[in-house]
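First the structure, in the form of structure tokens, and then the observations on it.
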Amino acid sequence: MPMSTLVPRYTAEEVRRFPDDHLRYEVIRGELVVTPAPGTVHQRAVLELARRLQEYLKTHVIGEALPAPFEVEFTEDSAVQPDILVILDPQRDRLTAARLYGPPALIVEVVSYSSKRTDRLHKRRLYSEEGVPEYWIVDSEARHIERWRPGATNAELPKPWPGSPSRRSPH
């Protein structure tokens, strides 16, 4: 007779008590998600996107962009640390020094080898279910950004980045 394995369920509060060992601990619907520290390419992409978003938000005086690590708690059993989150002024009442409660206006995840599955499946589903108005998945290797909105079954793909293969002339 096969024995079933019980998978532990976690709360956001339990995950916050884990040791600081330079891993990113997140919990999605009670399931623990652990990712290693990102590499140079990932961090440079996060830095550049956060800088550009913050510049736009500051110029228009409408909100702010926060890079990871900063927690977004959706429910007792779902708390994540997106690479970048954008908070608009009307959402500031849900912002504390430690975290944002509820959905921000925009979440950006820069995919890396260790996070592709989580970013494209689990987090995308969570963000859609929790009402995040816009979710960007940035793939710096493929040089594109997928734009997701709640209820969408397919990503919107904007025009290719300058210098990407699909923009080059065949001559």
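Here's how to read the names in the structure tokens: chain A, B, ... by the order shown, residue numbers from 1 in each chain, ligand numbers from 1 in the order shown.
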**Prompt:** What lies within 12 Å of Tyr113 (chain A) using only C-alpha atoms, ignoring chain neighbours under 2 positions off, as a ChimeraX atom specification?
**Reply:** /A:35-39,41-42,110-111,115-120,139-141
**Request:** Would you please work out which residue, of A:Glu55, A:Glu26, A:Glu129, A:Asp89, is nearest to Tyr10 (chain A) when using only C-alpha atoms?
**Result:** A:Glu26
**Request:** With a distance cut-off of 10 Å and only C-alpha atoms, select the neighbouring residues of Gly151 (chain A), excluding the residue or stretch itself and same-chain residues fewer than 5 positions from it, and output the selection as an MDAnalysis selection string.
**Result:** chainID A and resid 125 128:129 131
**Asked** When DSSP works through the backbone of this structure, what residues of region 56-157 of chain A end up as alpha helix (DSSP H), shown as a list of chain:residue names?
**Response** A:Tyr56, A:Leu57, A:Lys58, A:Thr59, A:Lys116, A:Arg117, A:Arg124, A:Arg125, A:Leu126, A:Tyr127, A:Ser128, A:Glu129
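Of the listed residues (A:Ala65, A:Ala79, A:Leu95, A:Leu6), A:Ala65 comes nearest to Val46 (chain A); the distances count only C-alpha atoms.
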**Complete:** What separates CA of Leu100 (chain A) and CA of Phe70 (chain A) is a distance of 8.2 Å
**Request:** Please provide as a PyMOL selection string all residues within 12 Å of Ser78 (chain A), with the sequence filter that same-chain residues fewer than 6 positions apart are discarded (counting only C-alpha atoms).
**Result:** chain A and resi 9-16+25-33+71-72+101-103+122-123+125-127+129-130
**Request:** Provide the CA of His60 (chain A) to CA of Ala105 (chain A) distance in Å, to one decimal place.
**Result:**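 Calculated distance between CA of His60 (chain A) and CA of Ala105 (chain A) is 15.1 Å.
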**Message:** Please extract the residues of region 92-154 of chain A with a backbone DSSP assignment of strand (DSSP E) and present them as a PyMOL selection string.
**Reply:** chain A and resi 99-101+106-110+134-139+144-148
Output file for the selection above: N, CA, C and O atoms, as a PDB file, in the first residue's frame:
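The file below, out.pdb, is the result:
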ATOM      1  N   ARG A  99       5.374  46.089   4.178  1.00  0.00           N
ATOM      2  CA  ARG A  99       4.750  45.413   3.039  1.00  0.00           C
ATOM      3  C   ARG A  99       3.573  46.195   2.501  1.00  0.00           C
ATOM      4  O   ARG A  99       3.081  47.128   3.142  1.00  0.00           O
ATOM      5  N   LEU A 100       3.113  45.741   1.334  1.00  0.00           N
ATOM      6  CA  LEU A 100       1.864  46.241   0.751  1.00  0.00           C
ATOM      7  C   LEU A 100       0.823  45.151   0.947  1.00  0.00           C
ATOM      8  O   LEU A 100       1.078  43.983   0.675  1.00  0.00           O
ATOM      9  N   TYR A 101      -0.347  45.545   1.417  1.00  0.00           N
ATOM     10  CA  TYR A 101      -1.459  44.605   1.560  1.00  0.00           C
ATOM     11  C   TYR A 101      -2.396  44.777   0.370  1.00  0.00           C
ATOM     12  O   TYR A 101      -2.902  45.865   0.134  1.00  0.00           O
ATOM     13  N   LEU A 106       0.856  47.528 -10.682  1.00  0.00           N
ATOM     14  CA  LEU A 106       1.663  46.782 -11.642  1.00  0.00           C
ATOM     15  C   LEU A 106       2.667  45.936 -10.887  1.00  0.00           C
ATOM     16  O   LEU A 106       3.256  46.392  -9.902  1.00  0.00           O
ATOM     17  N   ILE A 107       2.862  44.709 -11.366  1.00  0.00           N
ATOM     18  CA  ILE A 107       3.934  43.847 -10.869  1.00  0.00           C
ATOM     19  C   ILE A 107       4.784  43.462 -12.069  1.00  0.00           C
ATOM     20  O   ILE A 107       4.267  43.129 -13.131  1.00  0.00           O
ATOM     21  N   VAL A 108       6.105  43.510 -11.862  1.00  0.00           N
ATOM     22  CA  VAL A 108       7.056  43.114 -12.890  1.00  0.00           C
ATOM     23  C   VAL A 108       7.927  41.993 -12.328  1.00  0.00           C
ATOM     24  O   VAL A 108       8.487  42.132 -11.235  1.00  0.00           O
ATOM     25  N   GLU A 109       8.019  40.906 -13.081  1.00  0.00           N
ATOM     26  CA  GLU A 109       8.941  39.823 -12.742  1.00  0.00           C
ATOM     27  C   GLU A 109       9.902  39.652 -13.911  1.00  0.00           C
ATOM     28  O   GLU A 109       9.471  39.548 -15.060  1.00  0.00           O
ATOM     29  N   VAL A 110      11.188  39.659 -13.622  1.00  0.00           N
ATOM     30  CA  VAL A 110      12.212  39.384 -14.627  1.00  0.00           C
ATOM     31  C   VAL A 110      12.556  37.904 -14.475  1.00  0.00           C
ATOM     32  O   VAL A 110      13.056  37.494 -13.427  1.00  0.00           O
ATOM     33  N   GLU A 134      -2.179  44.793 -13.884  1.00  0.00           N
ATOM     34  CA  GLU A 134      -1.223  44.554 -14.950  1.00  0.00           C
ATOM     35  C   GLU A 134      -0.005  43.826 -14.393  1.00  0.00           C
ATOM     36  O   GLU A 134       0.513  44.170 -13.332  1.00  0.00           O
ATOM     37  N   TYR A 135       0.425  42.792 -15.126  1.00  0.00           N
ATOM     38  CA  TYR A 135       1.578  41.980 -14.747  1.00  0.00           C
ATOM     39  C   TYR A 135       2.478  41.843 -15.963  1.00  0.00           C
ATOM     40  O   TYR A 135       2.031  41.421 -17.017  1.00  0.00           O
ATOM     41  N   TRP A 136       3.748  42.232 -15.794  1.00  0.00           N
ATOM     42  CA  TRP A 136       4.720  42.109 -16.885  1.00  0.00           C
ATOM     43  C   TRP A 136       5.696  40.994 -16.552  1.00  0.00           C
ATOM     44  O   TRP A 136       6.265  40.963 -15.455  1.00  0.00           O
ATOM     45  N   ILE A 137       5.912  40.106 -17.502  1.00  0.00           N
ATOM     46  CA  ILE A 137       6.954  39.091 -17.395  1.00  0.00           C
ATOM     47  C   ILE A 137       8.039  39.497 -18.382  1.00  0.00           C
ATOM     48  O   ILE A 137       7.814  39.520 -19.590  1.00  0.00           O
ATOM     49  N   VAL A 138       9.198  39.845 -17.847  1.00  0.00           N
ATOM     50  CA  VAL A 138      10.307  40.318 -18.662  1.00  0.00           C
ATOM     51  C   VAL A 138      11.277  39.161 -18.877  1.00  0.00           C
ATOM     52  O   VAL A 138      11.787  38.589 -17.917  1.00  0.00           O
ATOM     53  N   ASP A 139      11.498  38.842 -20.140  1.00  0.00           N
ATOM     54  CA  ASP A 139      12.453  37.796 -20.502  1.00  0.00           C
ATOM     55  C   ASP A 139      13.603  38.476 -21.228  1.00  0.00           C
ATOM     56  O   ASP A 139      13.514  38.765 -22.420  1.00  0.00           O
ATOM     57  N   HIS A 144      11.924  40.167 -24.728  1.00  0.00           N
ATOM     58  CA  HIS A 144      10.544  40.622 -24.857  1.00  0.00           C
ATOM     59  C   HIS A 144       9.883  40.715 -23.484  1.00  0.00           C
ATOM     60  O   HIS A 144      10.374  40.165 -22.502  1.00  0.00           O
ATOM     61  N   ILE A 145       8.776  41.435 -23.487  1.00  0.00           N
ATOM     62  CA  ILE A 145       7.974  41.601 -22.278  1.00  0.00           C
ATOM     63  C   ILE A 145       6.576  41.093 -22.584  1.00  0.00           C
ATOM     64  O   ILE A 145       5.962  41.497 -23.571  1.00  0.00           O
ATOM     65  N   GLU A 146       6.090  40.188 -21.726  1.00  0.00           N
ATOM     66  CA  GLU A 146       4.709  39.724 -21.836  1.00  0.00           C
ATOM     67  C   GLU A 146       3.873  40.595 -20.907  1.00  0.00           C
ATOM     68  O   GLU A 146       4.222  40.795 -19.756  1.00  0.00           O
ATOM     69  N   ARG A 147       2.756  41.082 -21.416  1.00  0.00           N
ATOM     70  CA  ARG A 147       1.855  41.912 -20.613  1.00  0.00           C
ATOM     71  C   ARG A 147       0.590  41.106 -20.355  1.00  0.00           C
ATOM     72  O   ARG A 147      -0.103  40.698 -21.285  1.00  0.00           O
ATOM     73  N   TRP A 148       0.303  40.870 -19.072  1.00  0.00           N
ATOM     74  CA  TRP A 148      -0.867  40.093 -18.671  1.00  0.00           C
ATOM     75  C   TRP A 148      -1.846  40.978 -17.899  1.00  0.00           C
ATOM     76  O   TRP A 148      -1.429  41.815 -17.104  1.00  0.00           O
TER      77      TRP A 148
END
**Request:** May I ask for the distance between CA of Glu76 (chain A) and CA of Asp93 (chain A), given in Å to one decimal place?
**Result:**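 Between CA of Glu76 (chain A) and CA of Asp93 (chain A) the gap is 18.7 Å.
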